[in-house]
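Asks: Next comes my_file_15.cif, mmCIF, C-alpha atoms:
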data_target
loop_
_atom_site.label_atom_id
_atom_site.label_comp_id
_atom_site.auth_asym_id
_atom_site.auth_seq_id
_atom_site.Cartn_x
_atom_site.Cartn_y
_atom_site.Cartn_z
CA MET A 1 21.94 3.67 7.81
CA THR A 2 18.56 5.34 7.18
CA THR A 3 17.41 5.16 3.57
CA PRO A 4 16.85 8.65 2.10
CA GLN A 5 13.23 9.60 1.54
CA GLN A 6 13.69 10.32 -2.16
CA PRO A 7 12.72 8.61 -5.45
CA VAL A 8 14.91 5.78 -6.74
CA GLY A 9 14.10 6.13 -10.43
CA SER A 10 11.37 3.53 -10.75
CA PRO A 11 10.20 2.79 -14.30
CA PHE A 12 6.63 2.76 -13.02
CA GLY A 13 4.35 5.63 -12.06
CA ALA A 14 0.91 6.74 -10.92
CA ALA A 15 -0.95 4.96 -13.75
CA SER A 16 0.95 1.67 -13.48
CA THR A 17 -1.14 -1.38 -12.66
CA ALA A 18 -0.58 -4.56 -10.69
CA ALA A 19 0.00 -6.39 -13.99
CA ASP A 20 2.61 -3.82 -15.05
CA VAL A 21 4.59 -4.15 -11.83
CA MET A 22 4.43 -7.95 -11.72
CA ARG A 23 5.25 -8.59 -15.36
CA GLY A 24 8.21 -10.98 -15.60
CA ILE A 25 8.40 -11.62 -11.84
CA ASP A 26 8.50 -15.28 -10.81
CA LEU A 27 7.60 -16.00 -7.18
CA SER A 28 7.51 -19.78 -7.47
CA GLY A 29 8.37 -21.41 -4.16
CA ARG A 30 7.82 -18.19 -2.21
CA THR A 31 5.15 -17.64 0.45
CA ALA A 32 3.17 -14.44 0.99
CA ILE A 33 0.59 -13.43 3.58
CA VAL A 34 -1.84 -10.64 2.68
CA THR A 35 -4.18 -9.30 5.35
CA GLY A 36 -7.38 -7.93 3.87
CA GLY A 37 -6.60 -10.07 0.83
CA TYR A 38 -10.19 -10.87 -0.05
CA SER A 39 -11.56 -7.43 -0.89
CA GLY A 40 -10.51 -4.17 -2.54
CA LEU A 41 -6.82 -3.57 -2.98
CA GLY A 42 -5.91 -6.60 -0.88
CA LEU A 43 -7.77 -8.90 -3.25
CA VAL A 44 -5.92 -7.50 -6.26
CA THR A 45 -2.64 -7.86 -4.35
CA ALA A 46 -3.28 -11.47 -3.32
CA ARG A 47 -4.34 -12.44 -6.81
CA ALA A 48 -1.30 -10.81 -8.44
CA LEU A 49 1.13 -12.55 -6.07
CA ALA A 50 -0.57 -15.89 -6.66
CA GLU A 51 -0.50 -15.43 -10.43
CA ALA A 52 3.25 -14.79 -10.16
CA GLY A 53 3.64 -18.21 -8.56
CA ALA A 54 3.59 -17.44 -4.83
CA ASP A 55 1.75 -19.53 -2.28
CA VAL A 56 -0.56 -16.94 -0.73
CA ILE A 57 -2.32 -17.12 2.62
CA VAL A 58 -5.11 -14.67 3.38
CA PRO A 59 -6.16 -14.27 7.03
CA ALA A 60 -9.87 -13.47 7.27
CA ARG A 61 -12.39 -12.75 9.96
CA ASP A 62 -15.16 -13.91 7.59
CA VAL A 63 -13.71 -17.12 6.13
CA VAL A 64 -16.79 -17.96 4.04
CA LYS A 65 -16.85 -14.54 2.39
CA ALA A 66 -13.11 -14.67 1.77
CA ARG A 67 -13.22 -18.11 0.17
CA GLU A 68 -16.05 -16.94 -2.07
CA ALA A 69 -14.09 -13.88 -3.20
CA LEU A 70 -10.97 -15.96 -3.86
CA SER A 71 -12.68 -19.02 -5.34
CA GLU A 72 -11.09 -18.49 -8.75
CA VAL A 73 -7.56 -18.09 -7.35
CA PRO A 74 -6.53 -21.67 -6.48
CA ALA A 75 -3.08 -20.75 -5.16
CA VAL A 76 -4.60 -18.80 -2.25
CA GLN A 77 -5.50 -20.35 1.10
CA VAL A 78 -7.85 -18.65 3.56
CA TRP A 79 -7.16 -19.02 7.27
CA PRO A 80 -9.26 -17.59 10.12
CA MET A 81 -7.97 -14.51 11.96
CA ASP A 82 -9.42 -11.38 13.54
CA LEU A 83 -6.93 -8.51 13.86
CA MET A 84 -8.82 -7.07 16.83
CA ASP A 85 -8.57 -10.33 18.77
CA ALA A 86 -5.10 -10.97 20.24
CA ALA A 87 -5.77 -14.68 20.76
CA SER A 88 -6.91 -15.06 17.15
CA VAL A 89 -3.75 -13.38 15.83
CA ALA A 90 -1.60 -15.58 18.07
CA ALA A 91 -3.38 -18.72 16.85
CA PHE A 92 -2.81 -17.74 13.22
CA GLY A 93 0.86 -17.05 13.90
CA SER A 94 1.33 -20.37 15.70
CA ALA A 95 -0.37 -22.30 12.90
CA PHE A 96 1.90 -20.72 10.31
CA MET A 97 5.06 -21.22 12.36
CA ASP A 98 4.16 -24.88 12.89
CA MET A 99 4.59 -25.34 9.13
CA ARG A 100 8.27 -24.30 9.46
CA ARG A 101 7.95 -22.39 6.21
CA PRO A 102 9.97 -19.22 5.48
CA LEU A 103 7.90 -16.12 4.74
CA SER A 104 8.98 -13.94 1.81
CA MET A 105 6.31 -11.24 1.95
CA LEU A 106 3.90 -9.95 4.58
CA VAL A 107 1.54 -7.36 3.15
CA ASN A 108 -0.47 -5.69 5.92
CA SER A 109 -3.35 -4.38 3.83
CA ALA A 110 -6.41 -4.81 6.06
CA GLY A 111 -7.81 -1.75 7.74
CA MET A 112 -10.66 0.36 9.05
CA MET A 113 -11.42 3.95 8.10
CA ALA A 114 -13.42 6.66 9.85
CA SER A 115 -15.51 4.24 11.90
CA PRO A 116 -17.71 5.15 14.87
CA LEU A 117 -16.04 4.81 18.26
CA LEU A 118 -15.50 1.17 19.10
CA ARG A 119 -12.99 -0.45 21.43
CA ASP A 120 -11.20 -3.78 21.33
CA PRO A 121 -11.29 -6.18 24.32
CA ASP A 122 -8.35 -4.30 25.89
CA GLY A 123 -10.11 -0.94 25.58
CA HIS A 124 -8.06 0.40 22.67
CA GLU A 125 -9.72 2.49 19.96
CA SER A 126 -10.63 0.20 17.08
CA GLN A 127 -8.89 1.93 14.17
CA PHE A 128 -5.59 2.01 16.05
CA SER A 129 -6.23 -1.56 17.22
CA VAL A 130 -6.87 -3.02 13.76
CA ASN A 131 -4.67 -0.81 11.59
CA HIS A 132 -1.65 -0.90 13.88
CA LEU A 133 -1.76 -3.13 16.98
CA GLY A 134 -3.19 -6.17 15.18
CA HIS A 135 -0.53 -5.94 12.50
CA PHE A 136 2.17 -5.39 15.13
CA ARG A 137 1.11 -8.61 16.87
CA LEU A 138 0.99 -10.48 13.58
CA THR A 139 4.44 -9.32 12.48
CA CYS A 140 5.95 -10.31 15.83
CA ALA A 141 4.30 -13.73 15.64
CA LEU A 142 5.70 -14.33 12.14
CA TRP A 143 9.10 -12.78 12.77
CA PRO A 144 11.20 -15.99 12.81
CA ALA A 145 9.76 -16.99 9.42
CA LEU A 146 10.47 -13.52 7.99
CA ALA A 147 14.01 -13.51 9.37
CA ARG A 148 14.68 -16.99 7.98
CA GLU A 149 13.83 -15.76 4.47
CA GLY A 150 15.02 -12.16 4.66
CA GLY A 151 11.46 -11.21 3.75
CA ARG A 152 9.74 -7.90 3.18
CA VAL A 153 7.00 -6.35 5.30
CA VAL A 154 4.69 -3.89 3.57
CA ALA A 155 2.40 -1.60 5.58
CA VAL A 156 -0.45 -0.11 3.55
CA SER A 157 -0.84 3.38 4.97
CA SER A 158 -2.52 6.38 3.32
CA ARG A 159 -2.14 10.10 2.71
CA GLY A 160 -4.62 10.13 5.56
CA HIS A 161 -1.56 10.01 7.83
CA GLN A 162 -1.19 13.72 7.04
CA ILE A 163 -4.35 14.37 9.07
CA ALA A 164 -2.75 13.69 12.43
CA ASP A 165 0.36 12.68 14.31
CA ILE A 166 -0.08 10.20 17.16
CA ASP A 167 -1.30 11.75 20.40
CA PHE A 168 0.80 9.61 22.73
CA GLU A 169 -0.92 11.15 25.76
CA ASP A 170 -4.37 9.97 24.64
CA VAL A 171 -4.14 7.48 21.77
CA ASP A 172 -7.45 5.87 22.75
CA PHE A 173 -9.56 9.05 23.03
CA LYS A 174 -10.28 8.52 26.70
CA ARG A 175 -9.88 12.21 27.55
CA ARG A 176 -10.35 14.07 24.27
CA PRO A 177 -13.56 13.94 22.20
CA TYR A 178 -13.55 11.16 19.62
CA ASP A 179 -12.96 12.29 16.05
CA LYS A 180 -13.12 9.46 13.51
CA TRP A 181 -10.80 11.23 11.05
CA ILE A 182 -8.19 12.12 13.66
CA ALA A 183 -8.33 8.49 14.81
CA TYR A 184 -7.86 7.30 11.24
CA GLY A 185 -5.02 9.73 10.65
CA GLN A 186 -3.04 8.68 13.70
CA SER A 187 -3.52 4.99 12.85
CA LYS A 188 -2.12 5.62 9.36
CA THR A 189 0.78 7.58 10.85
CA ALA A 190 1.36 4.52 13.04
CA ASN A 191 1.67 2.38 9.88
CA VAL A 192 4.48 4.59 8.56
CA LEU A 193 6.30 4.77 11.89
CA PHE A 194 5.93 1.02 12.39
CA ALA A 195 7.59 0.27 9.04
CA ARG A 196 10.42 2.62 9.95
CA ALA A 197 11.04 1.12 13.40
CA LEU A 198 10.69 -2.43 12.11
CA ASP A 199 13.21 -1.79 9.34
CA ARG A 200 15.79 -0.58 11.87
CA ARG A 201 15.44 -3.90 13.70
CA GLY A 202 15.05 -6.11 10.67
CA SER A 203 17.77 -4.90 8.33
CA GLU A 204 20.51 -6.89 10.08
CA HIS A 205 18.43 -10.03 9.44
CA GLY A 206 17.73 -9.09 5.82
CA VAL A 207 14.13 -8.13 6.60
CA ARG A 208 13.17 -4.78 5.07
CA SER A 209 9.97 -2.85 5.64
CA PHE A 210 8.08 -0.25 3.64
CA SER A 211 4.92 1.83 4.00
CA LEU A 212 2.86 3.35 1.23
CA HIS A 213 -0.09 5.34 -0.01
CA PRO A 214 -2.01 3.29 -2.61
CA GLY A 215 -4.07 6.13 -4.07
CA GLN A 216 -7.65 7.21 -3.57
CA ILE A 217 -9.86 4.26 -4.47
CA LEU A 218 -13.46 3.75 -3.41
CA THR A 219 -13.56 0.30 -1.81
CA GLY A 220 -15.29 -1.37 1.11
CA LEU A 221 -13.02 0.70 3.33
CA ALA A 222 -15.53 3.52 2.87
CA ARG A 223 -18.40 1.53 4.38
CA HIS A 224 -18.66 3.82 7.42
CA LEU A 225 -19.00 6.98 5.31
CA SER A 226 -22.29 8.66 4.47
CA GLU A 227 -23.28 9.48 0.89
CA GLU A 228 -22.56 13.13 1.64
CA GLU A 229 -19.06 12.33 2.91
CA ILE A 230 -18.29 10.21 -0.13
CA ALA A 231 -19.59 12.95 -2.43
CA GLY A 232 -17.22 15.37 -0.71
CA PHE A 233 -14.25 13.38 -1.99
CA ASP A 234 -15.35 14.13 -5.59
CA VAL A 235 -14.58 10.59 -6.76
CA PHE A 236 -17.57 10.13 -9.11
CA ASP A 237 -18.11 11.59 -12.57
CA GLU A 238 -21.42 12.99 -13.89
CA SER A 239 -22.68 9.51 -14.76
CA GLY A 240 -21.97 8.20 -11.27
CA GLN A 241 -18.91 6.17 -12.26
CA PRO A 242 -15.65 6.34 -10.28
CA LYS A 243 -13.26 8.89 -11.71
CA VAL A 244 -9.88 7.63 -12.88
CA ASP A 245 -7.19 10.30 -12.73
CA PRO A 246 -4.05 8.66 -11.35
CA GLN A 247 -1.90 11.79 -11.59
CA ASN A 248 -4.26 13.36 -9.06
CA GLY A 249 -4.54 10.23 -6.93
CA LEU A 250 -7.79 8.78 -8.28
CA LYS A 251 -6.99 5.19 -9.26
CA THR A 252 -8.54 1.89 -10.19
CA PRO A 253 -8.03 -1.00 -7.75
CA GLU A 254 -5.43 -2.46 -10.16
CA GLN A 255 -3.52 0.85 -10.10
CA GLY A 256 -3.98 1.17 -6.34
CA ALA A 257 -2.47 -2.24 -5.63
CA ALA A 258 0.59 -1.55 -7.78
CA THR A 259 2.63 0.30 -5.16
CA ALA A 260 2.22 -2.41 -2.50
CA LEU A 261 3.28 -5.03 -5.04
CA TRP A 262 6.24 -2.88 -6.09
CA CYS A 263 7.31 -2.57 -2.44
CA ALA A 264 6.97 -6.33 -1.96
CA THR A 265 8.92 -7.38 -5.06
CA SER A 266 10.98 -4.65 -6.72
CA ALA A 267 14.71 -5.28 -7.13
CA LEU A 268 15.20 -1.50 -7.03
CA LEU A 269 14.49 -1.65 -3.28
CA GLN A 270 17.19 -4.20 -2.57
CA GLY A 271 19.20 -2.93 0.39
CA LEU A 272 16.71 -0.14 1.11
CA GLY A 273 13.95 0.10 3.69
CA GLY A 274 11.95 2.12 6.19
CA VAL A 275 10.67 4.50 3.53
CA TYR A 276 7.20 5.67 2.55
CA CYS A 277 6.26 5.09 -1.09
CA GLU A 278 3.71 6.41 -3.58
CA ASP A 279 3.06 5.81 -7.27
CA CYS A 280 5.51 2.87 -7.37
CA ASP A 281 8.50 4.84 -6.10
CA VAL A 282 9.92 6.20 -2.87
CA SER A 283 8.08 9.43 -2.11
CA VAL A 284 9.28 12.82 -0.91
CA VAL A 285 8.74 14.72 2.34
CA ASN A 286 5.68 16.96 2.36
CA ASP A 287 4.93 19.34 5.21
CA GLY A 288 2.62 21.43 3.05
CA GLU A 289 -0.90 20.82 1.83
CA LEU A 290 -3.03 18.04 3.25
CA GLY A 291 -3.80 15.37 0.68
CA ARG A 292 -0.85 16.14 -1.57
CA GLN A 293 1.98 13.81 -2.51
CA GLY A 294 4.60 13.10 0.13
CA VAL A 295 5.07 11.96 3.70
CA ALA A 296 4.63 14.22 6.72
CA SER A 297 7.85 14.65 8.67
CA TRP A 298 6.21 13.45 11.90
CA ALA A 299 5.60 10.05 10.27
CA ILE A 300 9.31 9.48 9.57
CA ASP A 301 10.55 10.85 12.88
CA ASP A 302 12.73 8.16 14.43
CA GLU A 303 12.04 9.30 18.00
CA HIS A 304 8.30 8.97 17.33
CA ALA A 305 8.90 5.57 15.71
CA GLU A 306 10.77 4.31 18.76
CA ARG A 307 8.16 5.69 21.13
CA LEU A 308 5.43 3.91 19.17
CA TRP A 309 7.44 0.69 19.22
CA ARG A 310 7.83 0.83 23.01
CA LEU A 311 4.13 1.57 23.43
CA SER A 312 3.19 -1.31 21.13
CA VAL A 313 5.39 -3.76 23.05
CA ASP A 314 3.85 -2.55 26.32
CA TRP A 315 0.26 -2.80 25.06
CA THR A 316 0.57 -6.15 23.27
CA GLY A 317 3.25 -7.92 25.28
CA GLN A 318 4.85 -8.92 21.97
CA GLN A 319 8.44 -8.52 20.79
CA LEU A 320 10.55 -9.71 17.88
CA LYS A 321 12.11 -13.04 18.76
CA ILE A 322 14.18 -15.28 16.52
#
Rewrite the coordinates I just gave you, this time as structure tokens.
Replies:
Amino acid sequence: MTTPQQPVGSPFGAASTAADVMRGIDLSGRTAIVTGGYSGLGLVTARALAEAGADVIVPARDVVKAREALSEVPAVQVWPMDLMDAASVAAFGSAFMDMRRPLSMLVNSAGMMASPLLRDPDGHESQFSVNHLGHFRLTCALWPALAREGGRVVAVSSRGHQIADIDFEDVDFKRRPYDKWIAYGQSKTANVLFARALDRRGSEHGVRSFSLHPGQILTGLARHLSEEEIAGFDVFDESGQPKVDPQNGLKTPEQGAATALWCATSALLQGLGGVYCEDCDVSVVNDGELGRQGVASWAIDDEHAERLWRLSVDWTGQQLKI
């Protein structure tokens, strides 16, 4: 049965931090994989899971940079993987499966935002390739380990999903003009739909999936934006420091990572899944203003979710196999 898209009464909120959410949680003996776990929100997420006792593996395209960033977190291993390279994702998955270790948490946090037009080796637009297809491949590769544990899969989306639904007739911008924000929006919609479709398949195996908006935090994700574009987001105060106003979405990295950690660990979500979360709770439906709290109805449309799943299987050749 589909979980209602409505709050569950979480004790946490917009200002809660990673430390708040993880206080008292013991993950000893559990394994977590965090993509993008060596910078920004992913780094905070990986560190918090490790500090709670989990064995954390961070896939990284730049292994040297990742090991540097995580040098003070001894419970984290860095393994090579490039989300835009199907062979690299398959190799990572095979290496993990060879360990015959159950997987408790897969946090798909890596991503691209508003990048110039670039295509992966199969010709797919890069934001869709990295933000969705790479994580689809990875989840399929790790599926037996997730099913063995009854693990959770967390897809870090964004309110950016409100920008655009998926154009199934031209996902890769081969006929329409490329728009970096439309491309970003449809890739973030794909994250929400993916979590929904995965949850429908995983619930019978005890695997539950969630998507989320972490908040508006200036991280390396903004590397493709100009100074003028960044200024347009009004994220800096008069002294040039990042604004912190969590009630209006402006968060610190520690506050931004809190919702992903809540989705990965909260007992309140036991038996639930497929929902989009914000501010450490299940969010509401919003078909109103762009950039406001809530999930667009197109991103929780089950027909869209199934269509995306079929497309992803067709494009990647991957499926869930126990």
Asks: List the neighbours of segment 152-156 of chain A out to 7 Å using all atoms listed in the file; skip same-chain residues closer than 2 positions along the sequence, and give me the result as a PyMOL selection string.
Replies: chain A and resi 104-109+150+158+191+195+207-213+260+263-264
Asks: Check the smallest atom-to-atom distance from each of A:Val56, A:Ile182, A:Ile166, A:Leu41 to Gly111 of chain A using all atoms listed in the file, then report the winner.
Replies: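 Result for the nearest residue to Gly111 of chain A: A:Leu41.
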Asks: Give me, please, the distance in Å between atom CA of Ala258 of chain A and atom CA of Val21 of chain A, quoted to one decimal.
Replies: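 A separation of 6.3 Å between them.
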Asks: Of the candidates A:Ala145, A:Ala75, A:Cys140, A:Leu261, which shows the shortest atom-to-atom distance to Ala18 of chain A, using only C-alpha atoms?
Replies: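 Between A:Ala145, A:Ala75, A:Cys140, A:Leu261, the residue approaching Ala18 of chain A most closely is A:Leu261.
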Asks: Can you list what the PyMOL selection byres ((chain A and resi 114) around 7) grabs from this structure, as a PyMOL selection string?
Replies: chain A and resi 112-113+115-116+180-181+184+224
Asks: Please list as a list in words every residue within 6 Å of Leu103 of chain A, counting all atoms listed in the file and excluding residues in the same chain fewer than 5 positions away.
Replies: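 Counting only the stated atoms, we get Thr31, Ala145, Leu146 and Glu149 of chain A.
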Asks: For this file, the PyMOL selection byres ((chain A and resi 266) around 10) selects which residues, as a list in words?
Replies: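 Given this file, the PyMOL selection byres ((chain A and resi 266) around 10) evaluates to Ser10, Val21, Met22, Ile25, Thr259, Ala260, Leu261, Trp262, Cys263, Ala264, Thr265, Ala267, Leu268, Leu269, Gln270, Cys280 and Asp281 of chain A.
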Asks: Write the residues of the preceding selection, restricted to C-alpha atoms, as a tab-separated table (two decimals), in the coordinates of the input.
Replies:
chain	number	residue	atom	x	y	z
A	10	SER	CA	11.37	3.53	-10.75
A	21	VAL	CA	4.59	-4.15	-11.83
A	22	MET	CA	4.43	-7.95	-11.72
A	25	ILE	CA	8.40	-11.62	-11.84
A	259	THR	CA	2.63	0.30	-5.16
A	260	ALA	CA	2.22	-2.41	-2.50
A	261	LEU	CA	3.28	-5.03	-5.04
A	262	TRP	CA	6.24	-2.88	-6.09
A	263	CYS	CA	7.31	-2.57	-2.44
A	264	ALA	CA	6.97	-6.33	-1.96
A	265	THR	CA	8.92	-7.38	-5.06
A	267	ALA	CA	14.71	-5.28	-7.13
A	268	LEU	CA	15.20	-1.50	-7.03
A	269	LEU	CA	14.49	-1.65	-3.28
A	270	GLN	CA	17.19	-4.20	-2.57
A	280	CYS	CA	5.51	2.87	-7.37
A	281	ASP	CA	8.50	4.84	-6.10
Asks: Find the residue from A:Phe92, A:Tyr38, A:Trp143, A:Phe194 that sits nearest to Asn131 of chain A; use all atoms listed in the file when measuring.
Replies: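 Ranked by minimum distance to Asn131 of chain A, first place goes to A:Phe194.
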Asks: Let me know the residues the PyMOL selection byres ((chain A and resi 46-48) around 8) catches in the file above, as a ChimeraX atom specification.
Replies: /A:18-19,22,34,37-38,42-45,49-52,56,58,73,76
Asks: Could you work out how far atom CA of Gln255 of chain A lies from atom CA of Ala69 of chain A, giving the answer in Å with one decimal?
Replies: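 Computed distance, atom CA of Ala69 of chain A to atom CA of Gln255 of chain A, equals 19.4 Å.
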Asks: Grab the atom CA of Gln216 of chain A to atom CA of Val244 of chain A distance for me, in Å with one decimal place.
Replies: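 Taking atom CA of Gln216 of chain A as the start and atom CA of Val244 of chain A as the end point, the length is 9.6 Å.
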